[in-house]
Amino acid sequence: MDALALLRDQAGNADDLLIRVFTPVTPEQGAWRLPVSTANTIAATFLHSYHTEDDLLHRLLGGRTVFEEGGWQQRLGYDPAAAWTLDTKPETSLLLSYAAAVTAATRDYLANLTPAAAEDTDTNVPLRWG
């Protein structure tokens with residue numbers, strides 16, 4: 001197995017695992033946290049994983065994110081400029097739909113990625129925090 005095949009395989013494995021773990025989560029479980037805790041909820045952590053993947057991929061591609069194109073801010077009631085809290089009970093089925101859309105975009109990118117492009121070390125995707 002070459003490096004690009006390994007990357008495709010591992011990206012798929014990570015996504016499959018996240019989806020299997022999050023699928024049975026109810027909105028109540030997704031929003032739960034200990035009293036007086038400031039820790040992120042399960043749903044916020046799940047959304048953060050996919051939103052970060054979406055953001056990095058589309059900055060690399062130079063286009064708008066799945067989040068922007070699909071109107072996910074309004075659909076999920078989440079502002080990515082705010083803290084990662086999701087203080088309301090999230091609609092977990094919508095979070096899973098967003099994850100599926102991001103996964104499809106990532107898989108499409110990886111399916112069309114050539115070995116030469118994968119080895120291009122001149123590509124620099126700056127990280128954004130906040």
# chains A, B, ... in the order shown; residues from 1 in each chain; ligands from 1

$ select_by_dssp --residues "chain A" --states "alpha helix (DSSP H)" --output "MDAnalysis selection string"
chainID A and resid 3:22 27:31 42:61 66:69 72:76 92:112 115:118

$ residues_around --residues "stretch 41-53 of chain A" --least-positions-apart "5" --cutoff "8 Å" --atoms "only C-alpha atoms" --output "PyMOL selection string"
chain A and resi 18+22+29-33+67+84-86+90+92+95+98-99+102

$ residues_around --residues "stretch 104-116 of chain A" --least-positions-apart "5" --cutoff "8 Å" --atoms "only C-alpha atoms" --output "short mmCIF file (atom, residue, chain, number, x, y, z; two decimals) with C-alpha atoms, in the first residue's frame"
data_model
loop_
_atom_site.label_atom_id
_atom_site.label_comp_id
_atom_site.auth_asym_id
_atom_site.auth_seq_id
_atom_site.Cartn_x
_atom_site.Cartn_y
_atom_site.Cartn_z
CA LEU A 4 -1.77 8.00 -0.71
CA ARG A 8 -7.42 7.52 1.94
CA GLY A 12 -12.17 6.68 5.88
CA ASP A 54 -14.21 21.23 6.21
CA LEU A 57 -9.96 21.21 3.02
CA VAL A 66 -19.55 22.86 2.98
#

$ atom_distance --atom1 "atom CA of A:Arg59" --atom2 "atom CA of A:Ile19"
23.9 Å

$ atom_distance --atom1 "atom CA of A:Ala81" --atom2 "atom CA of A:Glu68"
12.8 Å
